[in-house]
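I have placed the structure first, in the form of structure tokens, so that the comments after it can refer back to it.
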Amino acid sequence: MTISVLSVASEAYPLVKTGGLGDVVGALPAALAPHDVNVVTLVPGYPRVVAALADAAPGAEGTVLHDWPDLLGAPARLLSGTLGGHKLLVLDAPGYFAREGGPYGDPSGRDWDDNWRRFAAFGRAAADLASGAVKGFRFDVLHAHDWQSGLAPAYLRFAPAGGWAARSVMTIHNIAFQGRYDAGIFASLGLPDRAFAVDGVEYYGGVGYLKAGLEAADAITTVSPTYANEILRPDFGMGLEGLIRTRQARVSGIVNGIDPAVWNPARDAALPQSYDAATLDRRAANKRAVEQAFGLEPGDGPLFCVITRLTWQKGMDVLADTIDALVAGGGRLALLGSGDAWLEHAFAEAAARHPRRVGVRIGYDEAVSHLLQGGSDAILIPSRFEPCGLTQLYGLAYGCVPVVARTGGLADTVIHANAAALDAGVATGIQFDAVTHESLAQAIAHAIRLFAMPERWASLQRAGMAADFSWATSGRRYADLYRELLSA
């Protein structure tokens with residue numbers, strides 16, 4: 001039996017992406033297709049998304065499938081399109097989404113004041129689709145991703161459209177982002193009074209979008225087994241650990257995959273020189289390109305890279321304090337990212353202190369991120385918590401050895417280069433525990449020592465490149481979860 005799934009998310013690569021969420025949502029339809037699961041993706045109609053529909057169908061913005069004259073205060077319509085050859089639905093509501101800036105904030109980075117209404121309307125539309133209000137659609141499962149989609153399972157539970165109600169799955173990509181708002185918004189959500197309760201959308205006296213989804217969904221997933229255990233504790237659960245514990249039997253951790261059609265050094269158009277595990281020497285040409293792009297002096301010594309948001313969660317404050325030690329040990333650093341202004345300033349200062357040894361590019365560029373993975377020797381990921389992480393998976397696939405904190409998906413996907421693992425030829429990277437200057441400096445020093453042993457380093461690279469983090473296994477686990485829900 002083919003299972004029909006509505007995947008609901010605020011991002012989907014390549015249409016819109018601010019982080020790993022977009023990559024995962026964009027890859028799910030192809031990942032699940034071999035398991036007899038048909039995924040239709042619903043995303044908001046941001047300007048770039050609507051423009052992509054127009055480009056795909058010149059003279060039109062996509063076929064209109066449904067109209068909402070008043071969707072929580074603004075008109076909206078449902079447009080059709082494609083995402084990687086799979087069906088795409090777009091909630092075109094100009095009053096909510098036709099704005100300059102990012103998906104969640106204005107051009108200055110400030111969150112939109114009406115994000116609560118924007119993503120409530122998004123959740124309401126998703127629930128309408130999953131409960132029979134839109135003619136021509138019937139779904140077996142609604143799969144909501146992160147807080148922006150969190151009200152969709154709540155609408156299904158408390159205010160379905162009256163037709164067939166799909167089962168629901170809520171995936172936590174990062175529990176730190178919860179969508180918490182004042183109780184005053186509740187009256188505008190179109191939910192019955194009984195929904196404002198501890199087993200509904202109420203959260204510490206206000207409204208919690210992620211909390212609502214976790215409470216209402218039939219199943220909860222996180223993006224790695226270790227993170228599924230970590231969020232049971234106050235230091236990782238961010239206030240939701242009690243709820244997670246009460247629903248622990250419904251929680252599972254499924255590691256994200258990566259799309260080998262997008263991330264494959266043997267056929268990556270962003271690399272000056274393609275290569276595979278048998279031709280690692282070809283990476284040298286990419287290393288030269290990284291040096292040139294980041295203004296670094298050419299050399300054969302270890303080149304570390306960072307591709308991340310510059311935030312406390314990512315451990316970037318600790319890295320900023322460790323750059324002097326990295327350079328003193330003979331390393332160089334190429335950093336691509338943006339985030340907190342004080343961290344951007346700290347890394348700019350580090351580049352000024354170490355000209356031609358540290359290169360910093362503030363912002364994000366997809367092609368440059370591929371180049372960094374294909375030309376750098378190692379990637380630094382000192383996250384304080386990391387639900388899954390994708391950059392370490394890209395690093396493994398590209399022979400860019402991950403140096404990671406032992407947390408969440410980083411712990412699940414990288415095999416530490418201790419003596420036994422190195423001798424067995426199974427080590428794929430370097431892990432360290434507490435995210436401190438001392439522990440990160442020691443991990444970097446360990447990487448530099450291993451880099452000085454070419455055979456050991458090549459063994460790390462090849463073992464990482466041999467690891468299978470495609471969507472084959474993860475896709476099957478999601479398909480199994482859907483079938484369990486439907487059989488129950």
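We name chains A, B, ... following the order of the structure tokens; residues begin at 1 in each chain, and ligands are numbered from 1 as shown.
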
Step one, run DSSP on the backbone; step two, keep only residues of segment 89-287 of chain A assigned to alpha helix (DSSP H); then write them as a ChimeraX atom specification.
-> /A:94-97,115-130,151-158,209-216,225-230,234-237,241-246,283-287

Excluding same-chain residues fewer than 4 positions from Phe304 of chain A, what lies within 8 Å of it counting only C-alpha atoms, as a list in words?
->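 Final neighbour list, sorted by chain and number: Gly331, Arg332, Leu333, Ala334, Ser376, Asp377, Ala378, Ile379 and Leu380 of chain A.
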
For Gln461 of chain A, which residue among A:Pro14, A:Val327, A:Pro387, A:Ala278 is the nearest when counting only C-alpha atoms?
-> A:Ala278

Show which residues sit within 9 Å of Val290 of chain A, as a PDB file with N, CA and C atoms, in the first residue's frame. Count only C-alpha atoms, and ignore same-chain residues fewer than 3 positions away.
ATOM      1  N   ALA A 285      44.276  20.404  -5.445  1.00  0.00           N
ATOM      2  CA  ALA A 285      43.829  21.509  -6.300  1.00  0.00           C
ATOM      3  C   ALA A 285      42.709  22.295  -5.619  1.00  0.00           C
ATOM      4  N   ASN A 286      41.838  21.602  -4.914  1.00  0.00           N
ATOM      5  CA  ASN A 286      40.759  22.277  -4.195  1.00  0.00           C
ATOM      6  C   ASN A 286      41.303  23.058  -3.002  1.00  0.00           C
ATOM      7  N   LYS A 287      42.341  22.514  -2.385  1.00  0.00           N
ATOM      8  CA  LYS A 287      42.967  23.220  -1.263  1.00  0.00           C
ATOM      9  C   LYS A 287      43.548  24.542  -1.725  1.00  0.00           C
ATOM     10  N   ALA A 293      40.548  31.710  -2.252  1.00  0.00           N
ATOM     11  CA  ALA A 293      39.255  32.316  -1.953  1.00  0.00           C
ATOM     12  C   ALA A 293      39.244  33.022  -0.605  1.00  0.00           C
ATOM     13  N   PHE A 294      40.052  32.539   0.341  1.00  0.00           N
ATOM     14  CA  PHE A 294      40.052  33.103   1.688  1.00  0.00           C
ATOM     15  C   PHE A 294      41.318  33.901   2.003  1.00  0.00           C
ATOM     16  N   GLY A 295      42.133  34.153   0.995  1.00  0.00           N
ATOM     17  CA  GLY A 295      43.321  34.977   1.194  1.00  0.00           C
ATOM     18  C   GLY A 295      44.354  34.353   2.095  1.00  0.00           C
ATOM     19  N   LEU A 296      44.502  33.036   2.034  1.00  0.00           N
ATOM     20  CA  LEU A 296      45.448  32.323   2.895  1.00  0.00           C
ATOM     21  C   LEU A 296      46.734  32.038   2.139  1.00  0.00           C
ATOM     22  N   ALA A 334      39.821  28.616   7.602  1.00  0.00           N
ATOM     23  CA  ALA A 334      38.915  29.308   6.679  1.00  0.00           C
ATOM     24  C   ALA A 334      37.511  29.185   7.248  1.00  0.00           C
ATOM     25  N   VAL A 368      30.550  27.888  -2.029  1.00  0.00           N
ATOM     26  CA  VAL A 368      31.762  27.993  -1.202  1.00  0.00           C
ATOM     27  C   VAL A 368      31.766  26.930  -0.116  1.00  0.00           C
ATOM     28  N   LEU A 371      33.107  23.918  -1.671  1.00  0.00           N
ATOM     29  CA  LEU A 371      34.554  24.055  -1.882  1.00  0.00           C
ATOM     30  C   LEU A 371      35.322  23.822  -0.591  1.00  0.00           C
ATOM     31  N   LEU A 372      34.828  24.367   0.519  1.00  0.00           N
ATOM     32  CA  LEU A 372      35.504  24.180   1.802  1.00  0.00           C
ATOM     33  C   LEU A 372      35.564  22.707   2.180  1.00  0.00           C
ATOM     34  N   GLY A 374      35.506  20.211   0.128  1.00  0.00           N
ATOM     35  CA  GLY A 374      36.334  19.489  -0.832  1.00  0.00           C
ATOM     36  C   GLY A 374      37.799  19.860  -0.816  1.00  0.00           C
ATOM     37  N   GLY A 375      38.160  20.967  -0.129  1.00  0.00           N
ATOM     38  CA  GLY A 375      39.555  21.389  -0.135  1.00  0.00           C
ATOM     39  C   GLY A 375      40.210  21.491   1.221  1.00  0.00           C
ATOM     40  N   SER A 376      39.426  21.609   2.281  1.00  0.00           N
ATOM     41  CA  SER A 376      39.996  21.700   3.622  1.00  0.00           C
ATOM     42  C   SER A 376      40.350  20.305   4.132  1.00  0.00           C
TER      43      SER A 376
END

Using only C-alpha atoms, I'd like a table of the residues in segment 163-223 of chain A that come within 9 Å of segment 235-246 of chain A; for each, show the closest atom pair and its distance in Å rounded to one decimal, ordered by chain and ascending number, as a tab-separated table.
residue	atom	partner	partner_atom	distance
A:Ile175	CA	A:Met238	CA	6.9
A:Ala176	CA	A:Met238	CA	6.2
A:Lys211	CA	A:Leu240	CA	7.2
A:Leu214	CA	A:Ile244	CA	7.8
A:Glu215	CA	A:Leu243	CA	7.5
A:Ile220	CA	A:Ile244	CA	8.9

Find the residues near Ala270 of chain A: any atom within 7 Å, counting only C-alpha atoms, skip ones fewer than 2 places away on the same chain, and give them as an NGL selection string.
-> :A and (268 or 272 or 367 or 370-371)

Same residues, all heavy atoms, saved as a PDB file, in the first residue's frame:
ATOM      1  N   ASP A 268      30.935  16.875  -8.160  1.00  0.00           N
ATOM      2  CA  ASP A 268      30.490  18.145  -7.599  1.00  0.00           C
ATOM      3  C   ASP A 268      31.003  19.288  -8.465  1.00  0.00           C
ATOM      4  O   ASP A 268      32.215  19.551  -8.523  1.00  0.00           O
ATOM      5  CB  ASP A 268      31.004  18.289  -6.159  1.00  0.00           C
ATOM      6  CG  ASP A 268      30.371  19.459  -5.413  1.00  0.00           C
ATOM      7  OD1 ASP A 268      29.978  20.433  -6.082  1.00  0.00           O
ATOM      8  OD2 ASP A 268      30.275  19.409  -4.182  1.00  0.00           O
ATOM      9  N   PRO A 272      36.904  22.643  -8.154  1.00  0.00           N
ATOM     10  CA  PRO A 272      37.793  22.717  -9.321  1.00  0.00           C
ATOM     11  C   PRO A 272      38.252  21.340  -9.779  1.00  0.00           C
ATOM     12  O   PRO A 272      38.459  21.112 -10.967  1.00  0.00           O
ATOM     13  CB  PRO A 272      38.968  23.551  -8.800  1.00  0.00           C
ATOM     14  CG  PRO A 272      38.421  24.334  -7.650  1.00  0.00           C
ATOM     15  CD  PRO A 272      37.385  23.447  -7.025  1.00  0.00           C
ATOM     16  N   ALA A 367      27.951  27.287  -2.844  1.00  0.00           N
ATOM     17  CA  ALA A 367      29.080  26.767  -3.617  1.00  0.00           C
ATOM     18  C   ALA A 367      30.366  26.816  -2.800  1.00  0.00           C
ATOM     19  O   ALA A 367      31.186  25.884  -2.855  1.00  0.00           O
ATOM     20  CB  ALA A 367      29.234  27.563  -4.913  1.00  0.00           C
ATOM     21  N   HIS A 370      30.627  23.945  -0.396  1.00  0.00           N
ATOM     22  CA  HIS A 370      31.095  22.720  -1.064  1.00  0.00           C
ATOM     23  C   HIS A 370      32.609  22.763  -1.257  1.00  0.00           C
ATOM     24  O   HIS A 370      33.300  21.754  -1.046  1.00  0.00           O
ATOM     25  CB  HIS A 370      30.403  22.574  -2.418  1.00  0.00           C
ATOM     26  CG  HIS A 370      28.991  22.078  -2.336  1.00  0.00           C
ATOM     27  ND1 HIS A 370      28.574  20.880  -2.876  1.00  0.00           N
ATOM     28  CD2 HIS A 370      27.885  22.628  -1.772  1.00  0.00           C
ATOM     29  CE1 HIS A 370      27.276  20.715  -2.660  1.00  0.00           C
ATOM     30  NE2 HIS A 370      26.842  21.774  -2.003  1.00  0.00           N
ATOM     31  N   LEU A 371      33.107  23.918  -1.671  1.00  0.00           N
ATOM     32  CA  LEU A 371      34.554  24.055  -1.882  1.00  0.00           C
ATOM     33  C   LEU A 371      35.322  23.822  -0.591  1.00  0.00           C
ATOM     34  O   LEU A 371      36.358  23.137  -0.575  1.00  0.00           O
ATOM     35  CB  LEU A 371      34.865  25.443  -2.439  1.00  0.00           C
ATOM     36  CG  LEU A 371      36.363  25.783  -2.598  1.00  0.00           C
ATOM     37  CD1 LEU A 371      37.032  24.840  -3.588  1.00  0.00           C
ATOM     38  CD2 LEU A 371      36.539  27.239  -3.028  1.00  0.00           C
TER      39      LEU A 371
END

Please provide the set of residues having any atom within 12 Å of Met453 of chain A, restricted to only C-alpha atoms, with same-chain residues fewer than 5 positions apart removed, written as a PyMOL selection string.
-> chain A and resi 301-302+422+446-448+458-460

Take the residues just selected and output them with C-alpha atoms as a short mmCIF file (atom, residue, chain, number, x, y, z; two decimals), in the first residue's frame.
data_model
loop_
_atom_site.label_atom_id
_atom_site.label_comp_id
_atom_site.auth_asym_id
_atom_site.auth_seq_id
_atom_site.Cartn_x
_atom_site.Cartn_y
_atom_site.Cartn_z
CA GLY A 301 50.09 22.18 6.50
CA PRO A 302 46.67 21.41 7.97
CA LEU A 422 42.94 3.84 14.23
CA HIS A 446 45.41 15.76 18.08
CA ALA A 447 44.26 16.49 14.53
CA ILE A 448 47.51 18.27 13.72
CA ALA A 458 44.35 9.04 4.67
CA SER A 459 42.88 6.13 6.65
CA LEU A 460 40.60 8.58 8.50
#

Could you pull the residues within 8 Å of segment 61-71 of chain A, counting only C-alpha atoms, minus those fewer than 4 positions along the same chain, as number ranges by chain?
-> A: 50-51, 53-54, 57, 75-81, 121, 124-125, 134-135

Atoms kept (C-alpha atoms) for selection, written as a PDB file, in the first residue's frame:
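See selection.pdb below for the written result:
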ATOM      1  CA  VAL A  50       6.609  32.005  -5.792  1.00  0.00           C
ATOM      2  CA  ALA A  51       9.218  33.293  -8.254  1.00  0.00           C
ATOM      3  CA  LEU A  53       7.024  28.583  -9.581  1.00  0.00           C
ATOM      4  CA  ALA A  54       6.744  31.390 -12.134  1.00  0.00           C
ATOM      5  CA  ALA A  57       5.728  27.872 -15.559  1.00  0.00           C
ATOM      6  CA  PRO A  75      -6.539  35.787   2.015  1.00  0.00           C
ATOM      7  CA  ALA A  76      -4.467  32.863   0.785  1.00  0.00           C
ATOM      8  CA  ARG A  77      -4.392  30.379  -2.026  1.00  0.00           C
ATOM      9  CA  LEU A  78      -2.769  27.032  -2.631  1.00  0.00           C
ATOM     10  CA  LEU A  79      -0.411  26.749  -5.602  1.00  0.00           C
ATOM     11  CA  SER A  80       1.103  23.653  -7.138  1.00  0.00           C
ATOM     12  CA  GLY A  81       4.653  23.063  -8.253  1.00  0.00           C
ATOM     13  CA  ALA A 121      -1.984  30.333   9.279  1.00  0.00           C
ATOM     14  CA  ARG A 124      -4.075  25.857   9.787  1.00  0.00           C
ATOM     15  CA  ALA A 125      -3.674  25.386   6.025  1.00  0.00           C
ATOM     16  CA  VAL A 134      -9.210  20.818   0.280  1.00  0.00           C
ATOM     17  CA  LYS A 135     -10.890  18.953  -2.532  1.00  0.00           C
TER      18      LYS A 135
END
